[in-house]
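Asker: This one is my_file-v7.pdb, PDB, C-alpha atoms.
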```pdb
ATOM      1  CA  MET T 225      74.475 105.620 -15.257  1.00  0.00           C
ATOM      2  CA  GLN T 226      77.515 106.604 -13.271  1.00  0.00           C
ATOM      3  CA  LEU T 227      81.049 105.482 -14.028  1.00  0.00           C
ATOM      4  CA  ARG T 228      80.826 102.900 -11.265  1.00  0.00           C
ATOM      5  CA  ASP T 229      77.691 101.452 -12.879  1.00  0.00           C
ATOM      6  CA  TYR T 230      79.499 100.897 -16.164  1.00  0.00           C
ATOM      7  CA  GLY T 231      82.132  98.914 -14.334  1.00  0.00           C
ATOM      8  CA  LEU T 232      79.485  96.849 -12.581  1.00  0.00           C
ATOM      9  CA  VAL T 233      77.863  96.014 -15.920  1.00  0.00           C
ATOM     10  CA  LEU T 234      81.159  94.670 -17.275  1.00  0.00           C
ATOM     11  CA  ALA T 235      81.814  92.767 -14.057  1.00  0.00           C
ATOM     12  CA  LYS T 236      78.359  91.158 -14.245  1.00  0.00           C
ATOM     13  CA  ARG T 237      78.448  90.353 -17.959  1.00  0.00           C
ATOM     14  CA  TRP T 238      82.150  89.596 -18.383  1.00  0.00           C
ATOM     15  CA  TRP T 239      81.280  86.248 -19.947  1.00  0.00           C
ATOM     16  CA  VAL T 240      79.582  88.039 -22.867  1.00  0.00           C
ATOM     17  CA  VAL T 241      82.764  90.006 -23.579  1.00  0.00           C
ATOM     18  CA  VAL T 242      84.999  86.936 -23.324  1.00  0.00           C
ATOM     19  CA  LEU T 243      82.706  84.782 -25.452  1.00  0.00           C
ATOM     20  CA  THR T 244      82.466  87.394 -28.195  1.00  0.00           C
ATOM     21  CA  LEU T 245      86.241  87.972 -28.166  1.00  0.00           C
ATOM     22  CA  VAL T 246      87.017  84.249 -28.468  1.00  0.00           C
ATOM     23  CA  ALA T 247      84.388  83.724 -31.180  1.00  0.00           C
ATOM     24  CA  ALA T 248      85.775  86.605 -33.271  1.00  0.00           C
ATOM     25  CA  ALA T 249      89.383  85.398 -32.892  1.00  0.00           C
ATOM     26  CA  VAL T 250      88.454  81.836 -33.874  1.00  0.00           C
ATOM     27  CA  ALA T 251      86.480  83.108 -36.869  1.00  0.00           C
ATOM     28  CA  ALA T 252      89.426  85.228 -38.020  1.00  0.00           C
ATOM     29  CA  TYR T 253      91.746  82.231 -37.690  1.00  0.00           C
ATOM     30  CA  GLY T 254      89.393  80.036 -39.693  1.00  0.00           C
ATOM     31  CA  VAL T 255      88.983  82.582 -42.481  1.00  0.00           C
ATOM     32  CA  SER T 256      92.762  83.045 -42.678  1.00  0.00           C
ATOM     33  CA  LYS T 257      93.247  79.314 -43.133  1.00  0.00           C
ATOM     34  CA  LEU T 258      90.580  79.121 -45.842  1.00  0.00           C
ATOM     35  CA  ILE T 259      92.108  81.895 -47.961  1.00  0.00           C
ATOM     36  CA  PRO T 260      94.753  80.559 -50.414  1.00  0.00           C
ATOM     37  CA  GLN T 261      98.264  81.591 -49.402  1.00  0.00           C
ATOM     38  CA  THR T 262     100.152  84.001 -51.654  1.00  0.00           C
ATOM     39  CA  PHE T 263     103.799  85.093 -51.627  1.00  0.00           C
ATOM     40  CA  ARG T 264     104.929  88.600 -52.565  1.00  0.00           C
ATOM     41  CA  SER T 265     108.421  89.178 -53.921  1.00  0.00           C
ATOM     42  CA  GLN T 266     109.990  92.546 -54.599  1.00  0.00           C
ATOM     43  CA  ALA T 267     112.841  93.577 -56.894  1.00  0.00           C
ATOM     44  CA  VAL T 268     114.274  97.109 -57.020  1.00  0.00           C
ATOM     45  CA  TYR T 269     115.821  98.848 -60.044  1.00  0.00           C
ATOM     46  CA  LEU T 270     117.633 102.172 -60.250  1.00  0.00           C
ATOM     47  CA  ALA T 271     117.101 104.549 -63.192  1.00  0.00           C
ATOM     48  CA  LEU T 272     119.943 107.001 -63.822  1.00  0.00           C
ATOM     49  CA  ALA T 273     120.994 109.381 -66.567  1.00  0.00           C
ATOM     50  CA  ASN T 274     124.498 108.630 -67.824  1.00  0.00           C
ATOM     51  CA  GLN T 275     125.516 112.273 -67.582  1.00  0.00           C
ATOM     52  CA  ALA T 276     124.743 115.217 -65.317  1.00  0.00           C
ATOM     53  CA  ASP T 277     122.155 117.170 -67.277  1.00  0.00           C
ATOM     54  CA  ASN T 278     119.028 118.830 -65.871  1.00  0.00           C
ATOM     55  CA  GLY T 279     117.100 118.366 -69.091  1.00  0.00           C
ATOM     56  CA  LEU T 280     117.975 114.667 -69.219  1.00  0.00           C
ATOM     57  CA  ASN T 281     116.914 114.247 -65.596  1.00  0.00           C
ATOM     58  CA  ILE T 282     113.535 115.781 -66.426  1.00  0.00           C
ATOM     59  CA  VAL T 283     113.193 113.362 -69.333  1.00  0.00           C
ATOM     60  CA  LEU T 284     114.068 110.517 -66.967  1.00  0.00           C
ATOM     61  CA  ARG T 285     111.312 111.456 -64.524  1.00  0.00           C
ATOM     62  CA  ASN T 286     108.759 111.749 -67.317  1.00  0.00           C
ATOM     63  CA  SER T 287     109.837 108.496 -68.940  1.00  0.00           C
ATOM     64  CA  MET T 288     109.576 106.182 -65.941  1.00  0.00           C
ATOM     65  CA  ASN T 289     105.818 105.687 -66.344  1.00  0.00           C
ATOM     66  CA  SER T 290     106.274 104.898 -70.027  1.00  0.00           C
ATOM     67  CA  TYR T 291     108.856 102.251 -69.110  1.00  0.00           C
ATOM     68  CA  ARG T 292     106.192 100.634 -66.940  1.00  0.00           C
ATOM     69  CA  GLU T 293     103.733 100.531 -69.834  1.00  0.00           C
ATOM     70  CA  LEU T 294     106.289  98.798 -72.043  1.00  0.00           C
ATOM     71  CA  VAL T 295     106.096  95.747 -69.786  1.00  0.00           C
ATOM     72  CA  MET T 296     102.619  95.926 -68.252  1.00  0.00           C
ATOM     73  CA  GLN T 297     100.864  94.465 -71.284  1.00  0.00           C
ATOM     74  CA  PRO T 298      99.122  91.044 -71.374  1.00  0.00           C
ATOM     75  CA  ASP T 299     101.080  89.884 -74.432  1.00  0.00           C
ATOM     76  CA  VAL T 300     104.417  90.929 -72.946  1.00  0.00           C
ATOM     77  CA  LEU T 301     103.704  89.305 -69.596  1.00  0.00           C
ATOM     78  CA  ASP T 302     102.573  86.150 -71.379  1.00  0.00           C
ATOM     79  CA  GLN T 303     105.895  86.022 -73.231  1.00  0.00           C
ATOM     80  CA  ILE T 304     107.835  86.508 -70.003  1.00  0.00           C
ATOM     81  CA  SER T 305     105.824  83.763 -68.300  1.00  0.00           C
ATOM     82  CA  GLN T 306     106.529  81.311 -71.117  1.00  0.00           C
ATOM     83  CA  GLU T 307     110.225  82.186 -71.178  1.00  0.00           C
ATOM     84  CA  ILE T 308     110.659  81.104 -67.550  1.00  0.00           C
ATOM     85  CA  GLY T 309     108.461  78.035 -67.940  1.00  0.00           C
ATOM     86  CA  LEU T 310     105.313  79.195 -66.137  1.00  0.00           C
ATOM     87  CA  ASP T 311     101.942  78.164 -67.502  1.00  0.00           C
ATOM     88  CA  ILE T 312     100.176  81.345 -66.379  1.00  0.00           C
ATOM     89  CA  SER T 313      98.482  83.740 -68.788  1.00  0.00           C
ATOM     90  CA  GLY T 314      99.445  87.372 -69.192  1.00  0.00           C
ATOM     91  CA  GLU T 315      95.911  88.420 -68.225  1.00  0.00           C
ATOM     92  CA  ARG T 316      96.389  86.705 -64.855  1.00  0.00           C
ATOM     93  CA  TRP T 317      99.794  88.335 -64.352  1.00  0.00           C
ATOM     94  CA  MET T 318      98.198  91.738 -64.985  1.00  0.00           C
ATOM     95  CA  ARG T 319      96.455  91.323 -61.627  1.00  0.00           C
ATOM     96  CA  ASP T 320      99.493  89.966 -59.796  1.00  0.00           C
ATOM     97  CA  VAL T 321     102.349  92.113 -61.161  1.00  0.00           C
ATOM     98  CA  ASN T 322     102.786  95.676 -59.930  1.00  0.00           C
ATOM     99  CA  ILE T 323     105.437  98.070 -61.260  1.00  0.00           C
ATOM    100  CA  GLN T 324     105.790 101.271 -59.215  1.00  0.00           C
ATOM    101  CA  PRO T 325     107.895 104.082 -60.695  1.00  0.00           C
ATOM    102  CA  ARG T 326     109.266 106.394 -58.004  1.00  0.00           C
ATOM    103  CA  PRO T 327     110.714 109.394 -59.848  1.00  0.00           C
ATOM    104  CA  ASP T 328     111.725 111.230 -56.657  1.00  0.00           C
ATOM    105  CA  GLU T 329     113.924 108.280 -55.646  1.00  0.00           C
ATOM    106  CA  GLN T 330     114.845 107.348 -59.233  1.00  0.00           C
ATOM    107  CA  LYS T 331     113.729 103.814 -58.454  1.00  0.00           C
ATOM    108  CA  ILE T 332     111.387 101.319 -60.079  1.00  0.00           C
ATOM    109  CA  ILE T 333     109.831  98.804 -57.678  1.00  0.00           C
ATOM    110  CA  ILE T 334     108.556  95.512 -59.079  1.00  0.00           C
ATOM    111  CA  GLU T 335     106.234  93.399 -56.907  1.00  0.00           C
ATOM    112  CA  VAL T 336     104.724  90.052 -57.860  1.00  0.00           C
ATOM    113  CA  ASP T 337     102.139  87.949 -55.996  1.00  0.00           C
ATOM    114  CA  ALA T 338     102.085  84.208 -56.700  1.00  0.00           C
ATOM    115  CA  PRO T 339     100.896  80.988 -55.016  1.00  0.00           C
ATOM    116  CA  THR T 340     104.506  79.834 -54.542  1.00  0.00           C
ATOM    117  CA  LEU T 341     107.648  81.709 -53.535  1.00  0.00           C
ATOM    118  CA  ALA T 342     109.607  80.313 -56.489  1.00  0.00           C
ATOM    119  CA  GLN T 343     107.064  81.618 -59.011  1.00  0.00           C
ATOM    120  CA  SER T 344     106.915  84.996 -57.336  1.00  0.00           C
ATOM    121  CA  MET T 345     110.684  85.509 -57.295  1.00  0.00           C
ATOM    122  CA  ALA T 346     111.191  84.149 -60.818  1.00  0.00           C
ATOM    123  CA  MET T 347     108.536  86.421 -62.283  1.00  0.00           C
ATOM    124  CA  ALA T 348     109.783  89.527 -60.446  1.00  0.00           C
ATOM    125  CA  ASP T 349     113.330  89.028 -61.756  1.00  0.00           C
ATOM    126  CA  ALA T 350     112.072  88.175 -65.262  1.00  0.00           C
ATOM    127  CA  VAL T 351     109.906  91.294 -65.434  1.00  0.00           C
ATOM    128  CA  GLY T 352     112.876  93.367 -64.295  1.00  0.00           C
ATOM    129  CA  ASN T 353     115.128  91.838 -66.944  1.00  0.00           C
ATOM    130  CA  ARG T 354     112.535  92.600 -69.613  1.00  0.00           C
ATOM    131  CA  LEU T 355     112.285  96.180 -68.379  1.00  0.00           C
ATOM    132  CA  VAL T 356     116.067  96.621 -68.631  1.00  0.00           C
ATOM    133  CA  ALA T 357     116.031  95.098 -72.130  1.00  0.00           C
ATOM    134  CA  GLU T 358     113.292  97.495 -73.288  1.00  0.00           C
ATOM    135  CA  VAL T 359     115.201 100.520 -71.975  1.00  0.00           C
ATOM    136  CA  ASN T 360     118.384  99.310 -73.678  1.00  0.00           C
ATOM    137  CA  ARG T 361     116.441  98.906 -76.915  1.00  0.00           C
ATOM    138  CA  ILE T 362     115.267 102.504 -76.672  1.00  0.00           C
ATOM    139  CA  ASN T 363     118.818 103.681 -75.950  1.00  0.00           C
ATOM    140  CA  ALA T 364     120.044 101.944 -79.100  1.00  0.00           C
ATOM    141  CA  THR T 365     117.734 104.109 -81.219  1.00  0.00           C
ATOM    142  CA  LEU T 366     118.875 107.393 -79.689  1.00  0.00           C
ATOM    143  CA  GLU T 367     121.471 109.609 -81.272  1.00  0.00           C
ATOM    144  CA  GLY T 368     124.225 111.249 -79.240  1.00  0.00           C
ATOM    145  CA  THR T 369     125.553 110.261 -75.833  1.00  0.00           C
ATOM    146  CA  ALA T 370     122.484 111.044 -73.698  1.00  0.00           C
ATOM    147  CA  ARG T 371     121.163 107.773 -72.281  1.00  0.00           C
ATOM    148  CA  ILE T 372     118.987 106.590 -69.429  1.00  0.00           C
ATOM    149  CA  ASN T 373     120.223 103.429 -67.785  1.00  0.00           C
ATOM    150  CA  VAL T 374     118.209 101.041 -65.628  1.00  0.00           C
ATOM    151  CA  GLN T 375     120.054  98.560 -63.427  1.00  0.00           C
ATOM    152  CA  ARG T 376     119.024  96.152 -60.712  1.00  0.00           C
ATOM    153  CA  ILE T 377     120.078  97.059 -57.179  1.00  0.00           C
ATOM    154  CA  GLN T 378     118.060  94.375 -55.377  1.00  0.00           C
ATOM    155  CA  GLN T 379     117.140  91.005 -56.781  1.00  0.00           C
ATOM    156  CA  ALA T 380     113.732  89.542 -56.009  1.00  0.00           C
ATOM    157  CA  ARG T 381     113.200  88.650 -52.359  1.00  0.00           C
ATOM    158  CA  LEU T 382     110.249  87.729 -50.201  1.00  0.00           C
ATOM    159  CA  THR T 383     108.525  90.732 -48.586  1.00  0.00           C
ATOM    160  CA  ALA T 384     105.134  89.407 -47.461  1.00  0.00           C
ATOM    161  CA  ILE T 385     102.986  86.307 -47.096  1.00  0.00           C
ATOM    162  CA  GLN T 386      99.229  86.705 -47.268  1.00  0.00           C
ATOM    163  CA  PRO T 387      97.068  86.194 -45.355  1.00  0.00           C
ATOM    164  CA  ASN T 388      98.926  87.083 -42.146  1.00  0.00           C
ATOM    165  CA  THR T 389      97.169  84.789 -39.674  1.00  0.00           C
ATOM    166  CA  ARG T 390      98.640  86.413 -36.569  1.00  0.00           C
ATOM    167  CA  ILE T 391      97.577  89.920 -37.563  1.00  0.00           C
ATOM    168  CA  ASN T 392      94.127  88.708 -38.582  1.00  0.00           C
ATOM    169  CA  VAL T 393      93.592  86.916 -35.263  1.00  0.00           C
ATOM    170  CA  LEU T 394      94.705  89.987 -33.293  1.00  0.00           C
ATOM    171  CA  ALA T 395      92.416  92.210 -35.342  1.00  0.00           C
ATOM    172  CA  GLY T 396      89.543  89.757 -34.869  1.00  0.00           C
ATOM    173  CA  ALA T 397      90.132  89.637 -31.115  1.00  0.00           C
ATOM    174  CA  LEU T 398      90.175  93.444 -30.891  1.00  0.00           C
ATOM    175  CA  LEU T 399      86.963  93.669 -32.880  1.00  0.00           C
ATOM    176  CA  GLY T 400      85.414  90.949 -30.720  1.00  0.00           C
ATOM    177  CA  LEU T 401      86.391  92.849 -27.569  1.00  0.00           C
ATOM    178  CA  MET T 402      84.689  96.023 -28.755  1.00  0.00           C
ATOM    179  CA  LEU T 403      81.585  94.137 -29.883  1.00  0.00           C
ATOM    180  CA  GLY T 404      81.505  92.211 -26.606  1.00  0.00           C
ATOM    181  CA  VAL T 405      81.574  95.389 -24.520  1.00  0.00           C
ATOM    182  CA  LEU T 406      78.865  96.925 -26.693  1.00  0.00           C
ATOM    183  CA  LEU T 407      76.743  93.769 -26.463  1.00  0.00           C
ATOM    184  CA  ALA T 408      77.095  93.698 -22.665  1.00  0.00           C
ATOM    185  CA  TYR T 409      75.708  97.226 -22.380  1.00  0.00           C
ATOM    186  CA  VAL T 410      72.918  96.466 -24.856  1.00  0.00           C
ATOM    187  CA  LEU T 411      71.851  93.419 -22.837  1.00  0.00           C
ATOM    188  CA  GLU T 412      71.951  95.476 -19.662  1.00  0.00           C
ATOM    189  CA  TYR T 413      69.812  98.157 -21.286  1.00  0.00           C
ATOM    190  CA  LEU T 414      67.244  95.603 -22.438  1.00  0.00           C
ATOM    191  CA  ASP T 415      67.112  93.956 -19.005  1.00  0.00           C
ATOM    192  CA  ASP T 416      64.292  95.772 -17.165  1.00  0.00           C
ATOM    193  CA  THR T 417      64.096  93.456 -14.136  1.00  0.00           C
ATOM    194  CA  LEU T 418      64.838  94.745 -10.617  1.00  0.00           C
ATOM    195  CA  LYS T 419      67.538  92.710  -8.917  1.00  0.00           C
ATOM    196  CA  SER T 420      68.737  94.883  -6.019  1.00  0.00           C
ATOM    197  CA  SER T 421      67.704  97.701  -3.722  1.00  0.00           C
ATOM    198  CA  SER T 422      69.717 100.153  -5.807  1.00  0.00           C
ATOM    199  CA  ASP T 423      67.691  99.140  -8.892  1.00  0.00           C
ATOM    200  CA  VAL T 424      64.484  99.851  -6.943  1.00  0.00           C
ATOM    201  CA  GLU T 425      65.761 103.230  -5.819  1.00  0.00           C
ATOM    202  CA  ARG T 426      66.640 104.247  -9.370  1.00  0.00           C
ATOM    203  CA  PHE T 427      63.272 103.009 -10.682  1.00  0.00           C
ATOM    204  CA  VAL T 428      60.944 104.655  -8.105  1.00  0.00           C
ATOM    205  CA  GLY T 429      63.183 107.543  -7.096  1.00  0.00           C
ATOM    206  CA  LEU T 430      62.841 106.761  -3.367  1.00  0.00           C
ATOM    207  CA  THR T 431      65.205 105.531  -0.684  1.00  0.00           C
ATOM    208  CA  THR T 432      64.921 101.891   0.405  1.00  0.00           C
ATOM    209  CA  LEU T 433      63.971 101.658   4.056  1.00  0.00           C
ATOM    210  CA  GLY T 434      64.069  97.891   4.436  1.00  0.00           C
ATOM    211  CA  ALA T 435      64.238  94.591   2.635  1.00  0.00           C
ATOM    212  CA  ILE T 436      62.926  91.084   3.241  1.00  0.00           C
ATOM    213  CA  PRO T 437      65.873  88.684   3.302  1.00  0.00           C
ATOM    214  CA  THR T 438      65.858  85.439   1.355  1.00  0.00           C
ATOM    215  CA  VAL T 439      65.679  82.393   3.625  1.00  0.00           C
ATOM    216  CA  GLU T 440      67.329  79.280   2.317  1.00  0.00           C
ATOM    217  CA  PRO T 441      65.203  76.087   2.806  1.00  0.00           C
TER     218      PRO T 441
END
```
Could you write out this file's structure as structure tokens?
Answerer:
Amino acid sequence: MQLRDYGLVLAKRWWVVVLTLVAAAVAAYGVSKLIPQTFRSQAVYLALANQADNGLNIVLRNSMNSYRELVMQPDVLDQISQEIGLDISGERWMRDVNIQPRPDEQKIIIEVDAPTLAQSMAMADAVGNRLVAEVNRINATLEGTARINVQRIQQARLTAIQPNTRINVLAGALLGLMLGVLLAYVLEYLDDTLKSSSDVERFVGLTTLGAIPTVEP
């Protein structure tokens, strides 16, 4: 097939492409509406050494993951949930709470997914407060003046709502477009009927010398 033939196939079977595109977009919209909506809130904390010391900064970088483990425990998350009046188990929060230490930026990012925005924001701030309390408890047991301080620089705020219906519909439409084009060429390949003089020429390898016209009754 020449390039012109590919264009003719799409022009002839455009309805296949459009139908597949619309069907995929509608399906994506329906699936998005069936999936329960979740809200993601994010709080940001800064971890700093209280004095300029290279050794203390190395300790800070190595300690940030251990700070995460102090909070990311089912029993601890269950306590936090009860303290703010949420009837959600710690095991469930283990799936919905994410604490990301970023040593290069000296930041700790806390993200929480929940079915309501209020729950998501309340839990993100509560987890952050517990993290600060645990670090302060460790500081109280240390001798000398070397301390690592964790402080909030951004309170919990909404960052995402899932599912994103608009993105899903656009992705479904794009997928439908590609499948529609592919389906159009597959149907053309499977269609072995001769509909024009050019089809006859390609099939027999000879030039058409004449044709009998169709006479309308």
Asker: At what distance in Å, to one decimal, does CA of Tyr269 in chain T lie from CA of Ile377 in chain T?
Answerer: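 Taking CA of Ile377 in chain T and CA of Tyr269 in chain T, their separation equals 5.4 Å.
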Asker: T:Leu406, T:Leu301, T:Ala397, T:Ile312: which is nearest Pro339 in chain T, counting only C-alpha atoms?
Answerer: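 Distance minimum relative to Pro339 in chain T lands on T:Ile312.
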Asker: Hey, can you check how far CA of Ile304 in chain T sits from CA of Asn353 in chain T?
Answerer: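 Pair CA of Ile304 in chain T / CA of Asn353 in chain T returns 9.5 Å.
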Asker: Can you turn the PyMOL selection byres ((chain T and resi 296) around 12) into a concrete residue list for this file, as a ChimeraX atom specification?
Answerer: /T:289-295,297-304,314-324,334,351-352,354-355,358
Asker: Please report as a tab-separated table every residue of range 278-362 of chain T lying within 8 Å of range 379-386 of chain T, along with the nearest atom pair and their distance in Å (one decimal), using all atoms listed in the file.
Answerer:
```
residue	atom	partner	partner_atom	distance
T:Leu341	CA	T:Leu382	CA	7.4
T:Met345	CA	T:Ala380	CA	5.2
T:Ala346	CA	T:Ala380	CA	7.7
T:Ala348	CA	T:Ala380	CA	5.9
T:Asp349	CA	T:Ala380	CA	5.8
```
Asker: Just C-alpha atoms for this one: save the residues we selected as a short mmCIF file (atom, residue, chain, number, x, y, z; two decimals), in the frame of the given file.
Answerer:
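Saved to selection-v4.cif:
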```
data_model
loop_
_atom_site.label_atom_id
_atom_site.label_comp_id
_atom_site.auth_asym_id
_atom_site.auth_seq_id
_atom_site.Cartn_x
_atom_site.Cartn_y
_atom_site.Cartn_z
CA LEU T 341 107.65 81.71 -53.54
CA MET T 345 110.68 85.51 -57.30
CA ALA T 346 111.19 84.15 -60.82
CA ALA T 348 109.78 89.53 -60.45
CA ASP T 349 113.33 89.03 -61.76
#
```
Asker: Extending 6 Å beyond the listed atoms of range 254-265 of chain T on each side, what axis-aligned box results? I want centre and edge lengths in Å to one decimal, as AutoDock Vina command-line options.
Answerer:
```
--center_x 98.7 --center_y 84.1 --center_z -46.8 --size_x 31.4 --size_y 22.1 --size_z 26.2
```
Asker: At most 10 Å is the cut-off: for each residue in range 337-384 of chain T with any atom that close to an atom of range 273-279 of chain T, write down the nearest atom pair and the distance in Å rounded to one decimal, counting only C-alpha atoms, chain first then increasing number, as JSON lines.
Answerer:
```
{"residue": "T:Thr369", "atom": "CA", "partner": "T:Asn274", "partner_atom": "CA", "distance": 8.2}
{"residue": "T:Ala370", "atom": "CA", "partner": "T:Asn274", "partner_atom": "CA", "distance": 6.7}
{"residue": "T:Arg371", "atom": "CA", "partner": "T:Asn274", "partner_atom": "CA", "distance": 5.6}
{"residue": "T:Ile372", "atom": "CA", "partner": "T:Ala273", "partner_atom": "CA", "distance": 4.5}
{"residue": "T:Asn373", "atom": "CA", "partner": "T:Ala273", "partner_atom": "CA", "distance": 6.1}
{"residue": "T:Val374", "atom": "CA", "partner": "T:Ala273", "partner_atom": "CA", "distance": 8.8}
```
Asker: My list of candidates is T:Ile282, T:Val359, T:Ala395, T:Leu407. Which is closest to Ser256 in chain T when distances are computed with all atoms listed in the file?
Answerer: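 The closest residue to Ser256 in chain T is T:Ala395.
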Asker: Translate the PyMOL selection byres ((chain T and resi 250) around 12) into a concrete residue list for this structure, as a list in words.
Answerer: Leu243, Thr244, Leu245, Val246, Ala247, Ala248, Ala249, Ala251, Ala252, Tyr253, Gly254, Val255, Ser256, Lys257, Thr389, Arg390, Asn392, Val393, Leu394, Ala395, Gly396, Ala397, Leu399 and Gly400 of chain T
